[in-house]
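The structure file my_file03.txt is reproduced below (compact mmCIF, C-alpha atoms).
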# COMPACT_ATOMS: atom_id res chain seq x y z
CA MET D 390 -25.73 -20.59 -35.68
CA ALA D 391 -24.17 -18.35 -33.07
CA GLU D 392 -25.52 -15.05 -34.35
CA ASP D 393 -29.16 -16.03 -33.92
CA HIS D 394 -30.74 -16.75 -30.60
CA VAL D 395 -34.06 -17.37 -28.98
CA SER D 396 -35.98 -14.66 -27.17
CA CYS D 397 -34.20 -14.50 -23.83
CA ASP D 398 -37.22 -13.08 -22.05
CA SER D 399 -39.85 -15.51 -23.28
CA ASN D 400 -39.96 -17.56 -20.07
CA ASP D 401 -41.95 -20.16 -21.99
CA HIS D 402 -44.73 -17.59 -21.88
CA ALA D 403 -46.65 -19.28 -24.67
CA SER D 404 -45.36 -22.83 -24.52
CA ASN D 405 -47.77 -23.99 -21.84
CA MET D 406 -50.82 -22.02 -22.98
CA LYS D 407 -52.71 -24.94 -24.48
CA GLY D 408 -53.24 -26.59 -21.13
CA ALA D 409 -54.86 -23.52 -19.65
CA ASN D 410 -56.46 -22.22 -22.82
CA ASP D 411 -57.26 -24.09 -26.01
CA SER D 412 -58.18 -20.94 -27.96
CA LEU D 413 -54.63 -19.77 -28.74
CA VAL D 414 -54.12 -17.64 -31.88
CA VAL D 415 -50.54 -17.65 -33.21
CA CYS D 416 -49.69 -14.72 -35.52
CA PHE D 417 -46.75 -15.13 -37.91
CA GLY D 418 -44.78 -12.48 -39.77
CA GLU D 419 -43.31 -9.02 -39.38
CA MET D 420 -43.06 -6.70 -36.42
CA LEU D 421 -41.38 -3.37 -36.98
CA ILE D 422 -41.07 0.25 -35.91
CA ASP D 423 -43.28 2.79 -37.68
CA PHE D 424 -41.92 6.33 -37.67
CA VAL D 425 -44.88 8.69 -37.92
CA PRO D 426 -44.58 12.49 -38.43
CA THR D 427 -45.46 14.64 -35.45
CA VAL D 428 -47.49 16.81 -37.86
CA ALA D 429 -50.39 15.45 -39.95
CA GLY D 430 -50.94 16.09 -43.66
CA VAL D 431 -47.30 16.49 -44.73
CA SER D 432 -45.06 14.42 -46.99
CA LEU D 433 -42.18 12.48 -45.46
CA ALA D 434 -39.74 15.08 -46.79
CA GLU D 435 -41.70 17.93 -45.18
CA ALA D 436 -42.13 16.26 -41.76
CA PRO D 437 -40.33 18.28 -39.05
CA ALA D 438 -39.94 15.25 -36.72
CA PHE D 439 -41.04 11.64 -36.29
CA LYS D 440 -42.45 9.66 -33.40
CA LYS D 441 -41.70 5.93 -33.17
CA ALA D 442 -44.58 3.47 -32.87
CA PRO D 443 -44.59 -0.36 -32.83
CA GLY D 444 -46.21 -1.85 -35.93
CA GLY D 445 -46.45 -4.78 -38.31
CA ALA D 446 -49.86 -6.27 -39.08
CA PRO D 447 -49.42 -9.78 -37.57
CA ALA D 448 -48.02 -8.30 -34.34
CA ASN D 449 -50.87 -5.76 -34.19
CA VAL D 450 -53.39 -8.60 -34.53
CA ALA D 451 -51.69 -10.59 -31.74
CA VAL D 452 -51.81 -7.59 -29.38
CA GLY D 453 -55.39 -6.82 -30.45
CA ILE D 454 -56.53 -10.33 -29.46
CA SER D 455 -54.75 -10.16 -26.12
CA LYS D 456 -56.18 -6.72 -25.28
CA LEU D 457 -59.66 -8.12 -25.92
CA GLY D 458 -59.00 -10.83 -23.34
CA GLY D 459 -58.02 -13.58 -25.79
CA SER D 460 -54.93 -15.78 -25.91
CA SER D 461 -52.29 -14.97 -28.53
CA ALA D 462 -48.64 -15.41 -29.43
CA PHE D 463 -46.36 -13.84 -32.04
CA MET D 464 -43.85 -15.70 -34.19
CA GLY D 465 -41.20 -13.83 -36.15
CA LYS D 466 -37.68 -12.41 -36.15
CA LEU D 467 -36.36 -9.12 -34.80
CA GLY D 468 -32.94 -7.51 -34.92
CA ASP D 469 -30.54 -8.09 -32.05
CA ASP D 470 -30.75 -4.35 -31.38
CA GLU D 471 -32.46 -1.82 -29.10
CA PHE D 472 -35.56 -1.70 -31.29
CA GLY D 473 -35.84 -5.49 -31.45
CA TYR D 474 -35.75 -5.87 -27.67
CA MET D 475 -38.17 -2.95 -27.28
CA LEU D 476 -40.68 -4.70 -29.56
CA SER D 477 -40.28 -8.02 -27.76
CA ASP D 478 -40.95 -6.21 -24.48
CA ILE D 479 -44.08 -4.60 -25.94
CA LEU D 480 -45.40 -8.09 -26.74
CA LYS D 481 -44.68 -9.19 -23.19
CA GLN D 482 -46.30 -6.08 -21.67
CA ASN D 483 -49.44 -6.85 -23.67
CA ASN D 484 -49.54 -10.53 -22.56
CA VAL D 485 -48.67 -11.81 -26.03
CA GLY D 486 -46.63 -15.03 -25.96
CA ASN D 487 -43.14 -14.40 -27.36
CA SER D 488 -41.52 -17.84 -27.18
CA GLY D 489 -41.64 -17.86 -31.01
CA VAL D 490 -39.57 -14.66 -31.30
CA ARG D 491 -36.00 -14.97 -32.59
CA PHE D 492 -33.24 -12.35 -32.82
CA ASP D 493 -30.71 -11.87 -35.64
CA SER D 494 -27.40 -10.04 -35.15
CA THR D 495 -26.69 -9.82 -38.89
CA ALA D 496 -29.73 -7.67 -39.75
CA ARG D 497 -31.60 -4.82 -38.11
CA THR D 498 -35.21 -4.63 -36.95
CA ALA D 499 -37.34 -3.36 -39.85
CA LEU D 500 -38.29 0.34 -39.95
CA ALA D 501 -41.07 2.06 -41.89
CA PHE D 502 -41.64 5.78 -42.25
CA VAL D 503 -45.37 6.34 -42.67
CA THR D 504 -47.22 9.57 -43.34
CA LEU D 505 -50.82 10.52 -43.99
CA ARG D 506 -50.68 13.06 -46.80
CA ALA D 507 -53.10 15.97 -47.10
CA ASP D 508 -55.10 13.97 -49.68
CA GLY D 509 -55.66 11.21 -47.10
CA GLU D 510 -53.35 8.67 -48.77
CA ARG D 511 -50.68 6.92 -46.75
CA GLU D 512 -47.10 7.13 -47.98
CA PHE D 513 -44.61 4.42 -46.93
CA LEU D 514 -40.83 4.32 -46.98
CA PHE D 515 -39.46 0.95 -45.82
CA PHE D 516 -35.99 0.09 -44.52
CA ARG D 517 -35.66 -3.66 -45.14
CA HIS D 518 -32.40 -4.37 -46.96
CA PRO D 519 -32.76 -7.01 -45.60
CA SER D 520 -34.36 -6.64 -42.18
CA ALA D 521 -34.37 -9.35 -39.51
CA ASP D 522 -38.00 -10.41 -40.14
CA MET D 523 -37.04 -11.55 -43.67
CA LEU D 524 -34.37 -13.92 -42.30
CA LEU D 525 -36.43 -16.28 -40.14
CA ARG D 526 -35.34 -19.82 -41.00
CA GLU D 527 -37.43 -22.98 -40.89
CA SER D 528 -35.07 -24.46 -38.26
CA GLU D 529 -35.97 -21.55 -35.94
CA LEU D 530 -39.72 -22.21 -35.88
CA ASP D 531 -41.21 -22.96 -32.46
CA ILE D 532 -42.96 -26.20 -33.46
CA ASN D 533 -44.45 -26.70 -30.00
CA LEU D 534 -46.15 -23.31 -30.25
CA LEU D 535 -47.46 -24.01 -33.77
CA GLU D 536 -48.97 -27.32 -32.66
CA GLN D 537 -50.91 -25.54 -29.91
CA ALA D 538 -52.49 -22.96 -32.22
CA ARG D 539 -56.26 -23.17 -32.58
CA ILE D 540 -55.88 -20.48 -35.24
CA PHE D 541 -52.70 -19.75 -37.21
CA HIS D 542 -52.81 -16.23 -38.71
CA TYR D 543 -50.43 -14.80 -41.33
CA GLY D 544 -50.05 -12.26 -44.13
CA SER D 545 -48.19 -12.06 -47.43
CA ILE D 546 -45.24 -9.76 -46.63
CA SER D 547 -43.29 -12.75 -45.30
CA LEU D 548 -43.72 -14.43 -48.71
CA ILE D 549 -41.64 -11.80 -50.54
CA SER D 550 -38.19 -13.35 -50.03
CA GLU D 551 -36.28 -16.35 -48.72
CA PRO D 552 -35.66 -17.77 -46.18
CA CYS D 553 -38.82 -16.36 -44.58
CA ARG D 554 -41.08 -17.60 -47.39
CA SER D 555 -40.11 -21.25 -46.88
CA SER D 556 -40.47 -20.78 -43.12
CA GLN D 557 -44.02 -19.53 -43.59
CA PHE D 558 -44.88 -22.51 -45.83
CA ALA D 559 -43.45 -24.88 -43.20
CA ALA D 560 -45.32 -23.14 -40.35
CA MET D 561 -48.59 -23.38 -42.29
CA ARG D 562 -48.02 -27.10 -42.89
CA ILE D 563 -47.27 -27.81 -39.21
CA ALA D 564 -50.28 -25.78 -37.98
CA LYS D 565 -52.64 -27.37 -40.52
CA LYS D 566 -51.43 -30.88 -39.66
CA SER D 567 -52.12 -30.27 -35.96
CA GLY D 568 -55.69 -29.13 -36.71
CA SER D 569 -55.34 -25.34 -36.71
CA ILE D 570 -57.67 -23.05 -38.64
CA LEU D 571 -55.54 -21.08 -41.14
CA SER D 572 -56.35 -17.35 -41.29
CA TYR D 573 -54.94 -15.11 -44.06
CA ASP D 574 -54.90 -11.32 -44.40
CA PRO D 575 -52.85 -10.53 -47.54
CA ASN D 576 -52.27 -6.93 -46.35
CA LEU D 577 -50.96 -5.75 -49.72
CA ARG D 578 -47.91 -3.46 -49.54
CA LEU D 579 -47.02 -3.07 -53.20
CA ALA D 580 -43.85 -1.05 -52.49
CA LEU D 581 -42.24 -4.10 -50.86
CA TRP D 582 -42.70 -6.44 -53.83
CA PRO D 583 -40.40 -6.50 -56.89
CA SER D 584 -43.42 -5.85 -59.15
CA ALA D 585 -47.22 -5.83 -59.19
CA GLU D 586 -47.19 -9.18 -60.98
CA ALA D 587 -44.90 -10.70 -58.33
CA ALA D 588 -47.25 -9.42 -55.62
CA ARG D 589 -50.31 -10.91 -57.33
CA GLU D 590 -48.59 -14.26 -57.86
CA GLY D 591 -47.14 -14.37 -54.34
CA ILE D 592 -50.42 -13.49 -52.63
CA MET D 593 -52.40 -16.02 -54.69
CA SER D 594 -49.76 -18.78 -54.27
CA ILE D 595 -51.18 -19.74 -50.84
CA TRP D 596 -54.78 -18.60 -51.43
CA ASP D 597 -56.35 -22.05 -51.59
CA GLN D 598 -54.83 -23.19 -48.27
CA ALA D 599 -56.63 -20.71 -46.00
CA ASP D 600 -59.83 -21.47 -44.08
CA VAL D 601 -60.49 -17.77 -43.42
CA ILE D 602 -59.46 -14.84 -45.63
CA LYS D 603 -59.93 -11.14 -44.98
CA ILE D 604 -59.40 -8.71 -47.86
CA SER D 605 -60.15 -5.07 -48.63
CA GLU D 606 -62.00 -3.69 -51.65
CA GLU D 607 -58.71 -2.35 -53.06
CA GLU D 608 -57.18 -5.82 -52.79
CA ILE D 609 -60.12 -7.35 -54.71
CA THR D 610 -59.53 -4.90 -57.55
CA PHE D 611 -55.78 -5.61 -57.50
CA LEU D 612 -56.09 -9.41 -57.35
CA THR D 613 -58.93 -9.86 -59.86
CA GLY D 614 -58.28 -6.99 -62.25
CA CYS D 615 -62.00 -6.19 -62.11
CA ASP D 616 -63.28 -2.65 -61.75
CA ASP D 617 -66.13 -3.39 -59.36
CA PRO D 618 -65.09 -4.87 -55.98
CA ASN D 619 -68.78 -4.87 -54.95
CA ASP D 620 -69.69 -7.47 -57.56
CA ASP D 621 -70.52 -10.67 -55.63
CA LYS D 622 -70.06 -12.74 -58.79
CA VAL D 623 -66.45 -11.54 -59.18
CA VAL D 624 -65.70 -12.28 -55.52
CA LEU D 625 -67.29 -15.73 -55.58
CA ASP D 626 -65.93 -16.78 -58.99
CA LYS D 627 -62.39 -15.51 -58.60
CA LEU D 628 -61.66 -15.52 -54.87
CA PHE D 629 -63.86 -18.07 -53.11
CA HIS D 630 -62.13 -21.46 -53.22
CA PRO D 631 -63.59 -24.90 -52.29
CA ASN D 632 -61.74 -25.20 -48.95
CA LEU D 633 -62.67 -21.72 -47.76
CA LYS D 634 -64.93 -21.51 -44.71
CA LEU D 635 -65.21 -17.70 -44.55
CA LEU D 636 -64.26 -14.82 -46.85
CA ILE D 637 -64.57 -11.31 -45.45
CA VAL D 638 -64.36 -8.10 -47.47
CA THR D 639 -63.74 -4.99 -45.38
CA GLU D 640 -65.19 -1.69 -46.61
CA GLY D 641 -63.56 0.69 -44.11
CA SER D 642 -66.06 2.75 -42.13
CA LYS D 643 -68.95 1.38 -44.21
CA GLY D 644 -68.67 -2.11 -42.67
CA CYS D 645 -67.89 -5.53 -44.14
CA ARG D 646 -69.30 -8.26 -46.38
CA TYR D 647 -69.08 -11.96 -45.61
CA TYR D 648 -69.28 -15.08 -47.77
CA THR D 649 -69.49 -18.72 -46.67
CA LYS D 650 -70.57 -21.83 -48.57
CA GLU D 651 -74.07 -21.46 -47.07
CA PHE D 652 -74.76 -17.73 -46.84
CA LYS D 653 -73.53 -14.22 -47.61
CA GLY D 654 -74.38 -10.75 -46.35
CA TRP D 655 -73.24 -7.34 -45.15
CA VAL D 656 -72.73 -5.92 -41.65
CA PRO D 657 -72.73 -2.11 -41.25
CA GLY D 658 -69.83 -0.20 -39.73
CA VAL D 659 -70.01 1.67 -36.43
CA LYS D 660 -69.95 5.46 -36.84
CA VAL D 661 -67.17 7.39 -35.09
CA LYS D 662 -65.08 10.51 -35.75
CA PRO D 663 -61.79 9.21 -37.18
CA VAL D 664 -58.45 10.57 -36.01
CA ASP D 665 -56.03 8.00 -37.46
CA THR D 666 -56.94 4.89 -39.49
CA THR D 667 -53.64 3.10 -38.76
CA GLY D 668 -54.28 -0.37 -37.36
CA ALA D 669 -58.04 -0.36 -37.97
CA GLY D 670 -57.89 -3.41 -40.24
CA ASP D 671 -55.69 -5.26 -37.75
CA ALA D 672 -58.09 -4.38 -34.91
CA PHE D 673 -60.93 -5.78 -37.04
CA VAL D 674 -59.02 -9.04 -37.61
CA GLY D 675 -58.19 -9.27 -33.89
CA GLY D 676 -61.85 -8.81 -33.01
CA MET D 677 -62.98 -11.43 -35.49
CA LEU D 678 -60.33 -14.03 -34.56
CA SER D 679 -60.85 -13.60 -30.80
CA ASN D 680 -64.51 -14.51 -31.35
CA LEU D 681 -63.70 -17.33 -33.75
CA ALA D 682 -61.07 -18.86 -31.42
CA SER D 683 -63.67 -19.27 -28.69
CA ASN D 684 -66.42 -20.48 -31.03
CA LEU D 685 -65.65 -22.26 -34.30
CA ASN D 686 -69.40 -22.64 -34.92
CA LEU D 687 -69.40 -19.10 -36.35
CA PHE D 688 -68.87 -20.65 -39.79
CA GLU D 689 -72.25 -22.40 -39.63
CA ASP D 690 -74.37 -19.93 -37.63
CA GLU D 691 -75.12 -16.74 -39.54
CA LYS D 692 -76.60 -14.93 -36.53
CA LEU D 693 -73.46 -15.58 -34.43
CA LEU D 694 -71.23 -14.64 -37.37
CA ARG D 695 -73.04 -11.32 -37.85
CA GLU D 696 -72.66 -10.54 -34.12
CA ALA D 697 -68.95 -11.36 -34.30
CA LEU D 698 -68.47 -9.15 -37.37
CA LEU D 699 -70.34 -6.24 -35.77
CA PHE D 700 -68.00 -6.63 -32.78
CA ALA D 701 -65.01 -6.67 -35.18
CA ASN D 702 -66.31 -3.54 -36.95
CA ALA D 703 -66.55 -1.83 -33.54
CA CYS D 704 -62.95 -2.88 -32.75
CA GLY D 705 -61.83 -1.09 -35.93
CA ALA D 706 -63.99 1.93 -35.08
CA VAL D 707 -62.54 2.36 -31.56
CA THR D 708 -59.02 2.13 -33.01
CA VAL D 709 -59.48 5.03 -35.47
CA THR D 710 -60.46 7.37 -32.63
CA GLU D 711 -56.86 7.33 -31.31
CA ARG D 712 -53.41 7.71 -32.85
CA GLY D 713 -51.12 4.78 -33.60
CA ALA D 714 -51.93 1.09 -33.98
CA ILE D 715 -50.99 -0.85 -30.83
CA PRO D 716 -51.72 2.01 -28.36
CA ALA D 717 -55.17 2.48 -29.96
CA LEU D 718 -56.21 -1.20 -29.96
CA PRO D 719 -59.33 -1.53 -27.76
CA THR D 720 -60.30 -3.54 -24.70
CA LYS D 721 -63.49 -5.58 -24.78
CA ASP D 722 -65.18 -3.06 -22.46
CA ALA D 723 -64.40 -0.17 -24.85
CA VAL D 724 -65.91 -2.11 -27.77
CA LEU D 725 -69.06 -3.08 -25.86
CA LYS D 726 -69.44 0.51 -24.66
CA LEU D 727 -69.32 1.76 -28.26
CA LEU D 728 -71.93 -0.85 -29.21
CA GLY D 729 -74.13 0.37 -26.35
CA LYS D 730 -73.88 -2.88 -24.45
CA VAL D 731 -73.03 -2.97 -20.75
CA PRO D 732 -69.81 -4.97 -20.31
CA ALA D 733 -70.25 -8.25 -18.45
CA ARG D 734 -68.81 -8.17 -14.96

In structure tokens, write the structure found in this file.
Amino acid sequence: MAEDHVSCDSNDHASNMKGANDSLVVCFGEMLIDFVPTVAGVSLAEAPAFKKAPGGAPANVAVGISKLGGSSAFMGKLGDDEFGYMLSDILKQNNVGNSGVRFDSTARTALAFVTLRADGEREFLFFRHPSADMLLRESELDINLLEQARIFHYGSISLISEPCRSSQFAAMRIAKKSGSILSYDPNLRLALWPSAEAAREGIMSIWDQADVIKISEEEITFLTGCDDPNDDKVVLDKLFHPNLKLLIVTEGSKGCRYYTKEFKGWVPGVKVKPVDTTGAGDAFVGGMLSNLASNLNLFEDEKLLREALLFANACGAVTVTERGAIPALPTKDAVLKLLGKVPAR
């Protein structure tokens, strides 16, 4: 259709990656503009002014991987507007492949107003009625890019409505068929779903297809209805499925737990003074997937897995020391410095 077109600045940036690098991570879903108050600890209504920041979990993960020195691409839809082209440029500036980006002239790039209230809780107000990311059609998928993915990473926000939901199902099928590892971070945003029940059903509808799942303690409570997210029995009985290679539970600054078919354990967090927690979970996922993409043996080797998860914890820790998500995502040197290791030269 005439109103939709391919990223005009992609230059096949990602389409020939496989030849040079077989550790490509393709991230699917939403990319948007976060508007963040210039003053902390106020409600959205009280905020005197807002600063725009690029956001959207899958896009943050793609940039996080690239900033760590890995190979990544983003797949999703933006508005044919100033914000859409700004976001596509941000991908390009961060060496993220954007051949899978599409533009839609019938809907705007998604916006989210986000504030950290005085009680520490984040408050979201989304403008998606509908936004361009919700309108990605199956016919617009970059199949070549999907077939090159060593890891295909996605969330659940793109499952909320059609046509994007069917496009995500199709992308998962294509990636799986070509041998990709499927990585899932539900990234619950209850305000975007019609109801809590719809969110639970939608998130769980693709649960058993993932090879790797990362969830938070709050998401365990929400998905299982159990009071204690620290109960291994609840996690293993209700959330660990037969095809799963790795389940990770993030505990914020405390660290993370991991479960495989062979072993389970806990890796402590890295202590820092937090400034802004935005993007910390995405930085963690980027750190974990960049390690996994270069070594799929992590599933079988507990020592290597623990090292990779400590690295991922440190990625999250560096991110909370600066404001914003994408600007705060760390380089490999910054992570190794925090861990007290001299970066390899």

Contact table stretch 444-549 of chain D vs stretch 677-694 of chain D, cut-off 9 Å, shortest pair per residue, only C-alpha atoms, as CSV:
residue,atom,partner,partner_atom,distance
D:Val450,CA,D:Leu678,CA,8.8
D:Gly453,CA,D:Ser679,CA,8.7
D:Ile454,CA,D:Ser679,CA,5.6
D:Ser455,CA,D:Ser679,CA,8.4
D:Leu457,CA,D:Ser679,CA,7.4
D:Gly458,CA,D:Ser679,CA,8.2
D:Gly459,CA,D:Ser679,CA,5.8
D:Ser460,CA,D:Ser679,CA,8.0
D:Ser461,CA,D:Ser679,CA,9.0
D:Arg539,CA,D:Ala682,CA,6.6
D:Ile540,CA,D:Ala682,CA,6.6
D:His542,CA,D:Leu678,CA,8.9

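Interatomic distance, atom CA of D:Trp655 against atom CA of D:Glu640: 9.9 Å.
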
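Shortest atom-to-atom contact with D:Gly676 among D:Ser494, D:Thr710, D:Asn449, D:Ser594: D:Asn449, counting all atoms listed in the file.
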
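Atom CA of D:Ala703 is found 24.5 Å from atom CA of D:Thr504.
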
Residue contacts of stretch 550-565 of chain D (8 Å, only C-alpha atoms) excluding same-chain residues fewer than 3 positions away, as number ranges by chain
D: 417, 522-527, 530, 532, 535-536, 538, 541, 547, 568-571

Go ahead and save the residues from that selection, with C-alpha atoms, as a tab-separated table (two decimals), in the coordinates of the input.
chain	number	residue	atom	x	y	z
D	417	PHE	CA	-46.75	-15.13	-37.91
D	522	ASP	CA	-38.00	-10.41	-40.14
D	523	MET	CA	-37.04	-11.55	-43.67
D	524	LEU	CA	-34.37	-13.92	-42.30
D	525	LEU	CA	-36.43	-16.28	-40.14
D	526	ARG	CA	-35.34	-19.82	-41.00
D	527	GLU	CA	-37.43	-22.98	-40.89
D	530	LEU	CA	-39.72	-22.21	-35.88
D	532	ILE	CA	-42.96	-26.20	-33.46
D	535	LEU	CA	-47.46	-24.01	-33.77
D	536	GLU	CA	-48.97	-27.32	-32.66
D	538	ALA	CA	-52.49	-22.96	-32.22
D	541	PHE	CA	-52.70	-19.75	-37.21
D	547	SER	CA	-43.29	-12.75	-45.30
D	568	GLY	CA	-55.69	-29.13	-36.71
D	569	SER	CA	-55.34	-25.34	-36.71
D	570	ILE	CA	-57.67	-23.05	-38.64
D	571	LEU	CA	-55.54	-21.08	-41.14

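Shell of D:Ala580 at 12 Å, with all atoms listed in the file counted and residues fewer than 6 places along the chain excluded, is Ala501, Arg511, Glu512, Phe513, Leu514, Phe515, Phe516, Arg517, Ile546, Ile549, Ala587 and Ala588 of chain D.
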
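Minimum atom-to-atom distances from D:Cys615, D:Cys645, D:Ile479, D:Ile602 to D:Phe629 were compared using only C-alpha atoms, and the lowest value belongs to D:Ile602.
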
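Between atom CA of D:Phe492 and atom CA of D:Leu467 the interatomic distance comes to 4.9 Å.
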
Since the input is missing atoms, can you rebuild all heavy atoms for stretch 517-525 of chain D and write them as an mmCIF file, in the coordinates of the input?
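Final file, part24.cif:
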data_model
loop_
_atom_site.group_PDB
_atom_site.id
_atom_site.type_symbol
_atom_site.label_atom_id
_atom_site.label_comp_id
_atom_site.auth_asym_id
_atom_site.auth_seq_id
_atom_site.Cartn_x
_atom_site.Cartn_y
_atom_site.Cartn_z
ATOM 1 N N ARG D 517 -35.722 -2.199 -45.281
ATOM 2 C CA ARG D 517 -35.660 -3.660 -45.140
ATOM 3 C C ARG D 517 -34.675 -4.184 -46.191
ATOM 4 O O ARG D 517 -35.080 -4.661 -47.233
ATOM 5 C CB ARG D 517 -37.049 -4.297 -45.383
ATOM 6 C CG ARG D 517 -38.135 -3.845 -44.446
ATOM 7 C CD ARG D 517 -39.503 -4.344 -44.891
ATOM 8 N NE ARG D 517 -39.822 -5.677 -44.406
ATOM 9 C CZ ARG D 517 -40.103 -6.723 -45.182
ATOM 10 N NH1 ARG D 517 -40.051 -6.611 -46.490
ATOM 11 N NH2 ARG D 517 -40.421 -7.876 -44.652
ATOM 12 N N HIS D 518 -33.376 -4.086 -45.903
ATOM 13 C CA HIS D 518 -32.400 -4.370 -46.960
ATOM 14 C C HIS D 518 -31.270 -5.316 -46.565
ATOM 15 O O HIS D 518 -30.110 -4.972 -46.788
ATOM 16 C CB HIS D 518 -31.809 -3.052 -47.473
ATOM 17 C CG HIS D 518 -32.797 -2.073 -47.965
ATOM 18 N ND1 HIS D 518 -33.344 -1.092 -47.161
ATOM 19 C CD2 HIS D 518 -33.386 -1.935 -49.173
ATOM 20 C CE1 HIS D 518 -34.199 -0.372 -47.871
ATOM 21 N NE2 HIS D 518 -34.241 -0.861 -49.087
ATOM 22 N N PRO D 519 -31.478 -6.504 -46.082
ATOM 23 C CA PRO D 519 -32.760 -7.010 -45.600
ATOM 24 C C PRO D 519 -32.917 -6.677 -44.119
ATOM 25 O O PRO D 519 -31.942 -6.344 -43.446
ATOM 26 C CB PRO D 519 -32.620 -8.516 -45.804
ATOM 27 C CG PRO D 519 -31.155 -8.770 -45.540
ATOM 28 C CD PRO D 519 -30.430 -7.534 -46.018
ATOM 29 N N SER D 520 -34.132 -6.799 -43.621
ATOM 30 C CA SER D 520 -34.360 -6.640 -42.180
ATOM 31 C C SER D 520 -34.506 -8.032 -41.557
ATOM 32 O O SER D 520 -34.710 -9.026 -42.244
ATOM 33 C CB SER D 520 -35.613 -5.801 -41.933
ATOM 34 O OG SER D 520 -36.719 -6.326 -42.633
ATOM 35 N N ALA D 521 -34.414 -8.068 -40.236
ATOM 36 C CA ALA D 521 -34.370 -9.350 -39.510
ATOM 37 C C ALA D 521 -35.586 -10.232 -39.797
ATOM 38 O O ALA D 521 -35.463 -11.456 -39.904
ATOM 39 C CB ALA D 521 -34.249 -9.084 -38.014
ATOM 40 N N ASP D 522 -36.778 -9.604 -39.945
ATOM 41 C CA ASP D 522 -38.000 -10.410 -40.140
ATOM 42 C C ASP D 522 -37.933 -11.263 -41.398
ATOM 43 O O ASP D 522 -38.565 -12.312 -41.480
ATOM 44 C CB ASP D 522 -39.242 -9.509 -40.184
ATOM 45 C CG ASP D 522 -39.181 -8.484 -41.295
ATOM 46 O OD1 ASP D 522 -38.398 -7.520 -41.183
ATOM 47 O OD2 ASP D 522 -39.916 -8.638 -42.288
ATOM 48 N N MET D 523 -37.150 -10.818 -42.407
ATOM 49 C CA MET D 523 -37.040 -11.550 -43.670
ATOM 50 C C MET D 523 -36.136 -12.777 -43.549
ATOM 51 O O MET D 523 -36.098 -13.615 -44.447
ATOM 52 C CB MET D 523 -36.466 -10.617 -44.754
ATOM 53 C CG MET D 523 -37.326 -9.383 -44.997
ATOM 54 S SD MET D 523 -36.411 -8.027 -45.786
ATOM 55 C CE MET D 523 -36.215 -8.655 -47.447
ATOM 56 N N LEU D 524 -35.410 -12.890 -42.429
ATOM 57 C CA LEU D 524 -34.370 -13.920 -42.300
ATOM 58 C C LEU D 524 -34.735 -15.069 -41.365
ATOM 59 O O LEU D 524 -33.880 -15.865 -41.000
ATOM 60 C CB LEU D 524 -33.064 -13.259 -41.815
ATOM 61 C CG LEU D 524 -32.523 -12.138 -42.721
ATOM 62 C CD1 LEU D 524 -31.227 -11.578 -42.165
ATOM 63 C CD2 LEU D 524 -32.311 -12.637 -44.155
ATOM 64 N N LEU D 525 -36.011 -15.154 -40.982
ATOM 65 C CA LEU D 525 -36.430 -16.280 -40.140
ATOM 66 C C LEU D 525 -36.291 -17.582 -40.923
ATOM 67 O O LEU D 525 -36.815 -17.714 -42.027
ATOM 68 C CB LEU D 525 -37.892 -16.096 -39.695
ATOM 69 C CG LEU D 525 -38.436 -17.183 -38.763
ATOM 70 C CD1 LEU D 525 -37.786 -17.099 -37.393
ATOM 71 C CD2 LEU D 525 -39.956 -17.083 -38.634
#
